[in-house]
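*Asks:* Encoded as structure tokens, here's the structure I'll be asking about.
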Amino acid sequence: MTTVLGVTLAAQLVLFVFTGISFLAPERRIWPPPSRHGWQFYATWFLSWVTLSGAFLLAVFDENSLGLPFWSRLAAGLPLLGLGASLVAWGFRELSIQTTLGLQGNLIRSGPYRWSRNPQYLGVCLYLVSLVFLSGSLLTAIGCLAVALWFVVTPLVEEPWLAERFGAEYQAYCRAVPRFF
């Protein structure tokens with residue numbers, strides 16, 4: 001399992017580097033990707049898939065390494081899993097696949113976007129926390145923390161990009177709706 005954790009953390013480190021480049025040098029941004037056909041799009045989504053899959057595999061294969069009672073893990077994890085999955089699905093439905101993928105789209109302020117500028121990121125973070133509870137695993141906690149931190153930091157790169165695209169309309173939205181909750 002340490003190999004899975006290592007791959008997950010390495011992929012996450014590269015995503016953090018991509019995010020740092022995008023923040024410090026927006027003209028060379030990697031996220032959001034400049035186009036669907038650029039390497040930035042494929043690299044970011046492949047690495048995201050690796051990190052999320054790694055977190056899931058850690059949860060499955062390092063199950064209950066902390067020795068926590070099954071029912072308490074279930075009681076804590078299932079509600080978070082349901083809430084996280086619901087937020088991701090609802091946000092995805094409102095935003096569209098193209099906009100979710102980081103490509104051009106409209107500014108959406110309906111559905112969960114009325115209360116959070118990043119409900120899908122919040123939902124993924126809740127999902128990751130649910131994996132930690134359900135698995136009862138220290139390795140899962142380490143992997144999920146690294147992945148969740150990326151979802152917390154990424155809006156710092158997206159927001160200037162969105163402000164550039166949508167101007168005053170986005171600025172007003174930011175003043176009215178919190179980043180996460």
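Ligands are numbered from 1 in the order shown, residues from 1 within each chain, and chains are lettered A, B, ... in the order they appear in the structure tokens.
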Write out as a ChimeraX atom specification the residues lying within 10 Å of range 7-21 of chain A, counting only C-alpha atoms and excluding same-chain residues fewer than 3 positions away.
*Replies:* /A:1-4,24-32,40,43-55,57-58,142-150,153-158
*Asks:* Among the residues of chain A, find those DSSP assigns to helix (DSSP H, G or I) from the backbone and print them as a ChimeraX atom specification.
*Replies:* /A:2-24,26-28,39-61,70-95,97-100,111-114,119-135,138-153,155-166,168-176
*Asks:* Of the candidates A:Leu138, A:Val60, A:Ala163, A:Leu83, which shows the shortest atom-to-atom distance to Gln120 in chain A, using only C-alpha atoms?
*Replies:*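 When distances to Gln120 in chain A are compared using only C-alpha atoms, the smallest one comes from A:Leu83.
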*Asks:* Compile the contact shell of Gln104 in chain A as a list in words: residues with an atom at most 12 Å away, counting only C-alpha atoms, same-chain residues fewer than 5 positions apart removed.
*Replies:*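 The residues that qualify are Pro32, Pro33, Pro34, Ser35, Arg36, Leu95, Ser96, Ile97, Gln98, Thr99, Trp161, Leu162, Arg165 and Phe166 of chain A.
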*Asks:* Can I get the selected residues back with N, CA and C atoms, as a PDB file, in the first residue's frame?
*Replies:*
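Okay, result-v9.pdb is ready:
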ATOM      1  N   PRO A  32      -7.062  26.566 -15.177  1.00  0.00           N
ATOM      2  CA  PRO A  32      -7.854  25.818 -16.142  1.00  0.00           C
ATOM      3  C   PRO A  32      -7.123  25.691 -17.483  1.00  0.00           C
ATOM      4  N   PRO A  33      -7.332  24.584 -18.154  1.00  0.00           N
ATOM      5  CA  PRO A  33      -6.569  24.338 -19.390  1.00  0.00           C
ATOM      6  C   PRO A  33      -6.936  25.320 -20.495  1.00  0.00           C
ATOM      7  N   PRO A  34      -5.948  25.736 -21.275  1.00  0.00           N
ATOM      8  CA  PRO A  34      -6.219  26.660 -22.378  1.00  0.00           C
ATOM      9  C   PRO A  34      -7.165  26.093 -23.442  1.00  0.00           C
ATOM     10  N   SER A  35      -7.140  24.758 -23.624  1.00  0.00           N
ATOM     11  CA  SER A  35      -8.052  24.141 -24.588  1.00  0.00           C
ATOM     12  C   SER A  35      -8.225  22.661 -24.254  1.00  0.00           C
ATOM     13  N   ARG A  36      -9.236  22.069 -24.868  1.00  0.00           N
ATOM     14  CA  ARG A  36      -9.497  20.656 -24.645  1.00  0.00           C
ATOM     15  C   ARG A  36      -8.449  19.771 -25.322  1.00  0.00           C
ATOM     16  N   LEU A  95     -23.516  22.855 -13.779  1.00  0.00           N
ATOM     17  CA  LEU A  95     -22.389  23.501 -14.453  1.00  0.00           C
ATOM     18  C   LEU A  95     -22.192  23.031 -15.889  1.00  0.00           C
ATOM     19  N   SER A  96     -22.472  21.799 -16.195  1.00  0.00           N
ATOM     20  CA  SER A  96     -22.262  21.135 -17.490  1.00  0.00           C
ATOM     21  C   SER A  96     -20.901  20.445 -17.502  1.00  0.00           C
ATOM     22  N   ILE A  97     -20.773  19.472 -18.361  1.00  0.00           N
ATOM     23  CA  ILE A  97     -19.512  18.724 -18.440  1.00  0.00           C
ATOM     24  C   ILE A  97     -18.381  19.618 -18.946  1.00  0.00           C
ATOM     25  N   GLN A  98     -18.646  20.439 -19.928  1.00  0.00           N
ATOM     26  CA  GLN A  98     -17.603  21.283 -20.508  1.00  0.00           C
ATOM     27  C   GLN A  98     -17.027  22.228 -19.462  1.00  0.00           C
ATOM     28  N   THR A  99     -17.881  22.871 -18.704  1.00  0.00           N
ATOM     29  CA  THR A  99     -17.410  23.816 -17.704  1.00  0.00           C
ATOM     30  C   THR A  99     -16.755  23.084 -16.538  1.00  0.00           C
ATOM     31  N   TRP A 161      -8.852  33.844 -13.127  1.00  0.00           N
ATOM     32  CA  TRP A 161      -9.215  33.490 -14.502  1.00  0.00           C
ATOM     33  C   TRP A 161     -10.683  33.808 -14.749  1.00  0.00           C
ATOM     34  N   LEU A 162     -11.533  33.447 -13.796  1.00  0.00           N
ATOM     35  CA  LEU A 162     -12.961  33.729 -13.929  1.00  0.00           C
ATOM     36  C   LEU A 162     -13.235  35.234 -13.870  1.00  0.00           C
ATOM     37  N   ARG A 165     -12.513  36.657 -17.194  1.00  0.00           N
ATOM     38  CA  ARG A 165     -13.509  36.279 -18.202  1.00  0.00           C
ATOM     39  C   ARG A 165     -14.856  36.968 -17.993  1.00  0.00           C
ATOM     40  N   PHE A 166     -15.290  37.090 -16.723  1.00  0.00           N
ATOM     41  CA  PHE A 166     -16.644  37.570 -16.458  1.00  0.00           C
ATOM     42  C   PHE A 166     -16.705  38.954 -15.821  1.00  0.00           C
TER      43      PHE A 166
END
*Asks:* How many Å lie between CA of Arg179 in chain A and CA of Arg117 in chain A, rounded to one decimal?
*Replies:*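 Taking CA of Arg179 in chain A as the start and CA of Arg117 in chain A as the end point, the length is 4.9 Å.
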*Asks:* Considering only C-alpha atoms, return as JSON, numbers by chain whatever protein or nucleic-acid residues lie within 12 Å of Ser65 in chain A, sequence-local ones (same chain, fewer than 3 positions apart) excluded.
*Replies:* {"A": [1, 58, 59, 60, 61, 62, 68, 69, 70, 132, 133, 134, 135, 136, 137, 138, 139, 140, 141]}
